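Asks: One structure follows; several queries about it will come next.
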Amino acid sequence: MSTPRNSANPGDFANVVLMPGDPLRAKLIADTYFHDVKLVTSVRNVYGYTGYTKNGKKISVMASGMGMPSIGIYSYELYSRYNVDAIIRVGTCGAYQENINLFDIIVGNVASTDSNWIHQYGLNGHFSAGADFDLTMAAVNAARKKNIPVHVGNVLSSDVFY
């Protein structure tokens, strides 16, 4: 079941995987928010962990690396080889809107791209399917409950942002 980029065994990943870009952020999330944590892959220092939430739900976190080609490879393998049901991208991002500040929460309900990486699939356009509405609202409501500024809308992932 392992691949050149992932040494996990079948069943090592939970149905839901959080995906920050940074491998050390994946470790921080696992160490801070999970208990009974197990390192399930560390190929190329891209760490993947599985553990349990405080409510006893099995959950995983795995780094995606930088850029769309990297997350494309890792997410494809998680879905196709490890039977993951949902990947939730977590981490940092940038914004062009002046009303969005550092540490605000951005919930992207659709993520489009202008990356050339997607051309290899011969898709007509660069728009993704929308996020699950209930999951989107749960994220928004959790932020609001804690009085954290939250912004919801379409996002653009671009290779040339910086």
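Labeling convention for the structure tokens: chains A, B, ... as they appear, residues from 1 per chain, ligands from 1 in order of appearance.
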Can you pull out the residues contacting stretch 63-74 of chain A? Cut-off 9 Å, using only C-alpha atoms, and skip same-chain residues under 2 positions away; I want them as a PyMOL selection string.

Replies: chain A and resi 5-6+18-27+46-48+61+76-79+89+113+115+117-118+157-159

Asks: Give me a file of those residues, with N, CA and C atoms, as a PDB file, in the first residue's frame.

Replies:
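Writing the result to part_34.pdb gives the following:
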```
ATOM      1  N   ARG A   5       6.070   8.189  -1.806  1.00  0.00           N
ATOM      2  CA  ARG A   5       5.933   9.400  -0.996  1.00  0.00           C
ATOM      3  C   ARG A   5       5.231   9.162   0.334  1.00  0.00           C
ATOM      4  N   ASN A   6       4.843   7.925   0.633  1.00  0.00           N
ATOM      5  CA  ASN A   6       4.045   7.675   1.834  1.00  0.00           C
ATOM      6  C   ASN A   6       4.273   6.234   2.285  1.00  0.00           C
ATOM      7  N   LEU A  18      -6.406  16.424   8.326  1.00  0.00           N
ATOM      8  CA  LEU A  18      -6.071  17.846   8.278  1.00  0.00           C
ATOM      9  C   LEU A  18      -4.778  17.972   7.500  1.00  0.00           C
ATOM     10  N   MET A  19      -4.661  19.009   6.633  1.00  0.00           N
ATOM     11  CA  MET A  19      -3.446  19.159   5.829  1.00  0.00           C
ATOM     12  C   MET A  19      -2.887  20.571   5.882  1.00  0.00           C
ATOM     13  N   PRO A  20      -1.929  20.802   6.781  1.00  0.00           N
ATOM     14  CA  PRO A  20      -1.145  22.030   6.689  1.00  0.00           C
ATOM     15  C   PRO A  20      -0.032  21.803   5.663  1.00  0.00           C
ATOM     16  N   GLY A  21       0.555  22.873   5.182  1.00  0.00           N
ATOM     17  CA  GLY A  21       1.657  22.709   4.250  1.00  0.00           C
ATOM     18  C   GLY A  21       2.936  22.264   4.942  1.00  0.00           C
ATOM     19  N   ASP A  22       3.221  22.842   6.077  1.00  0.00           N
ATOM     20  CA  ASP A  22       4.477  22.665   6.796  1.00  0.00           C
ATOM     21  C   ASP A  22       4.493  21.363   7.608  1.00  0.00           C
ATOM     22  N   PRO A  23       5.492  20.489   7.393  1.00  0.00           N
ATOM     23  CA  PRO A  23       5.584  19.259   8.170  1.00  0.00           C
ATOM     24  C   PRO A  23       5.678  19.506   9.682  1.00  0.00           C
ATOM     25  N   LEU A  24       6.338  20.575  10.082  1.00  0.00           N
ATOM     26  CA  LEU A  24       6.440  20.855  11.516  1.00  0.00           C
ATOM     27  C   LEU A  24       5.112  21.345  12.084  1.00  0.00           C
ATOM     28  N   ARG A  25       4.279  21.975  11.249  1.00  0.00           N
ATOM     29  CA  ARG A  25       2.942  22.351  11.712  1.00  0.00           C
ATOM     30  C   ARG A  25       2.085  21.099  11.889  1.00  0.00           C
ATOM     31  N   ALA A  26       2.284  20.100  11.030  1.00  0.00           N
ATOM     32  CA  ALA A  26       1.568  18.829  11.211  1.00  0.00           C
ATOM     33  C   ALA A  26       1.942  18.208  12.551  1.00  0.00           C
ATOM     34  N   LYS A  27       3.213  18.235  12.884  1.00  0.00           N
ATOM     35  CA  LYS A  27       3.667  17.707  14.180  1.00  0.00           C
ATOM     36  C   LYS A  27       3.083  18.519  15.330  1.00  0.00           C
ATOM     37  N   VAL A  46       7.974  14.561   5.280  1.00  0.00           N
ATOM     38  CA  VAL A  46       6.577  15.000   5.217  1.00  0.00           C
ATOM     39  C   VAL A  46       5.839  14.119   6.202  1.00  0.00           C
ATOM     40  N   TYR A  47       5.592  14.686   7.385  1.00  0.00           N
ATOM     41  CA  TYR A  47       5.059  13.912   8.496  1.00  0.00           C
ATOM     42  C   TYR A  47       3.553  13.727   8.410  1.00  0.00           C
ATOM     43  N   GLY A  48       3.127  12.516   8.739  1.00  0.00           N
ATOM     44  CA  GLY A  48       1.713  12.204   8.860  1.00  0.00           C
ATOM     45  C   GLY A  48       1.476  11.492  10.180  1.00  0.00           C
ATOM     46  N   VAL A  61      -3.414  13.997  10.589  1.00  0.00           N
ATOM     47  CA  VAL A  61      -2.865  15.241  10.062  1.00  0.00           C
ATOM     48  C   VAL A  61      -1.631  14.859   9.252  1.00  0.00           C
ATOM     49  N   TYR A  76      -4.172  13.080  -3.655  1.00  0.00           N
ATOM     50  CA  TYR A  76      -4.584  11.996  -4.537  1.00  0.00           C
ATOM     51  C   TYR A  76      -4.313  10.638  -3.881  1.00  0.00           C
ATOM     52  N   GLU A  77      -3.123  10.494  -3.318  1.00  0.00           N
ATOM     53  CA  GLU A  77      -2.781   9.214  -2.692  1.00  0.00           C
ATOM     54  C   GLU A  77      -3.635   8.948  -1.451  1.00  0.00           C
ATOM     55  N   LEU A  78      -3.928   9.975  -0.674  1.00  0.00           N
ATOM     56  CA  LEU A  78      -4.774   9.767   0.504  1.00  0.00           C
ATOM     57  C   LEU A  78      -6.161   9.279   0.095  1.00  0.00           C
ATOM     58  N   TYR A  79      -6.735   9.881  -0.936  1.00  0.00           N
ATOM     59  CA  TYR A  79      -8.060   9.456  -1.395  1.00  0.00           C
ATOM     60  C   TYR A  79      -8.022   8.085  -2.080  1.00  0.00           C
ATOM     61  N   ARG A  89      -7.842  21.446   4.404  1.00  0.00           N
ATOM     62  CA  ARG A  89      -6.619  22.245   4.327  1.00  0.00           C
ATOM     63  C   ARG A  89      -6.627  23.247   5.478  1.00  0.00           C
ATOM     64  N   THR A 113      -8.114  27.868  -9.036  1.00  0.00           N
ATOM     65  CA  THR A 113      -6.681  28.048  -9.239  1.00  0.00           C
ATOM     66  C   THR A 113      -6.398  28.558 -10.650  1.00  0.00           C
ATOM     67  N   SER A 115      -3.201  27.772 -11.619  1.00  0.00           N
ATOM     68  CA  SER A 115      -1.971  27.006 -11.756  1.00  0.00           C
ATOM     69  C   SER A 115      -1.949  26.195 -13.049  1.00  0.00           C
ATOM     70  N   TRP A 117      -0.408  23.511 -13.293  1.00  0.00           N
ATOM     71  CA  TRP A 117      -0.345  22.117 -12.879  1.00  0.00           C
ATOM     72  C   TRP A 117      -1.630  21.368 -13.246  1.00  0.00           C
ATOM     73  N   ILE A 118      -2.761  22.012 -13.165  1.00  0.00           N
ATOM     74  CA  ILE A 118      -4.052  21.372 -13.396  1.00  0.00           C
ATOM     75  C   ILE A 118      -4.263  21.020 -14.873  1.00  0.00           C
ATOM     76  N   SER A 157      -6.190  29.911  -5.321  1.00  0.00           N
ATOM     77  CA  SER A 157      -4.844  29.425  -5.034  1.00  0.00           C
ATOM     78  C   SER A 157      -4.006  29.691  -6.269  1.00  0.00           C
ATOM     79  N   SER A 158      -2.950  30.481  -6.103  1.00  0.00           N
ATOM     80  CA  SER A 158      -2.147  30.884  -7.244  1.00  0.00           C
ATOM     81  C   SER A 158      -0.675  30.590  -6.982  1.00  0.00           C
ATOM     82  N   ASP A 159       0.008  30.120  -7.991  1.00  0.00           N
ATOM     83  CA  ASP A 159       1.441  29.905  -7.874  1.00  0.00           C
ATOM     84  C   ASP A 159       2.232  31.202  -7.838  1.00  0.00           C
TER      85      ASP A 159
END
```

Asks: List every residue of stretch 27-83 of chain A that DSSP, applied to the backbone of this structure, assigns to helix (DSSP H, G or I), and report them as JSON, numbers by chain.

Replies: {"A": [27, 28, 29, 30, 31, 32, 33, 43, 44, 45, 68, 69, 70, 71, 72, 73, 74, 75, 76, 77, 78, 79, 80, 81]}

Asks: Report, in Å with one decimal, the straight-line distance from atom CA of A:Ile106 to atom CA of A:Ser75.

Replies: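 Taking atom CA of A:Ile106 and atom CA of A:Ser75, their separation equals 20.8 Å.
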
Asks: Which of these residues is nearest to A:Asn15, using only C-alpha atoms: A:Ser112, A:Gln97, A:Thr50, A:Gln120?

Replies: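 Ranking A:Ser112, A:Gln97, A:Thr50, A:Gln120 by distance to A:Asn15, first place goes to A:Thr50.
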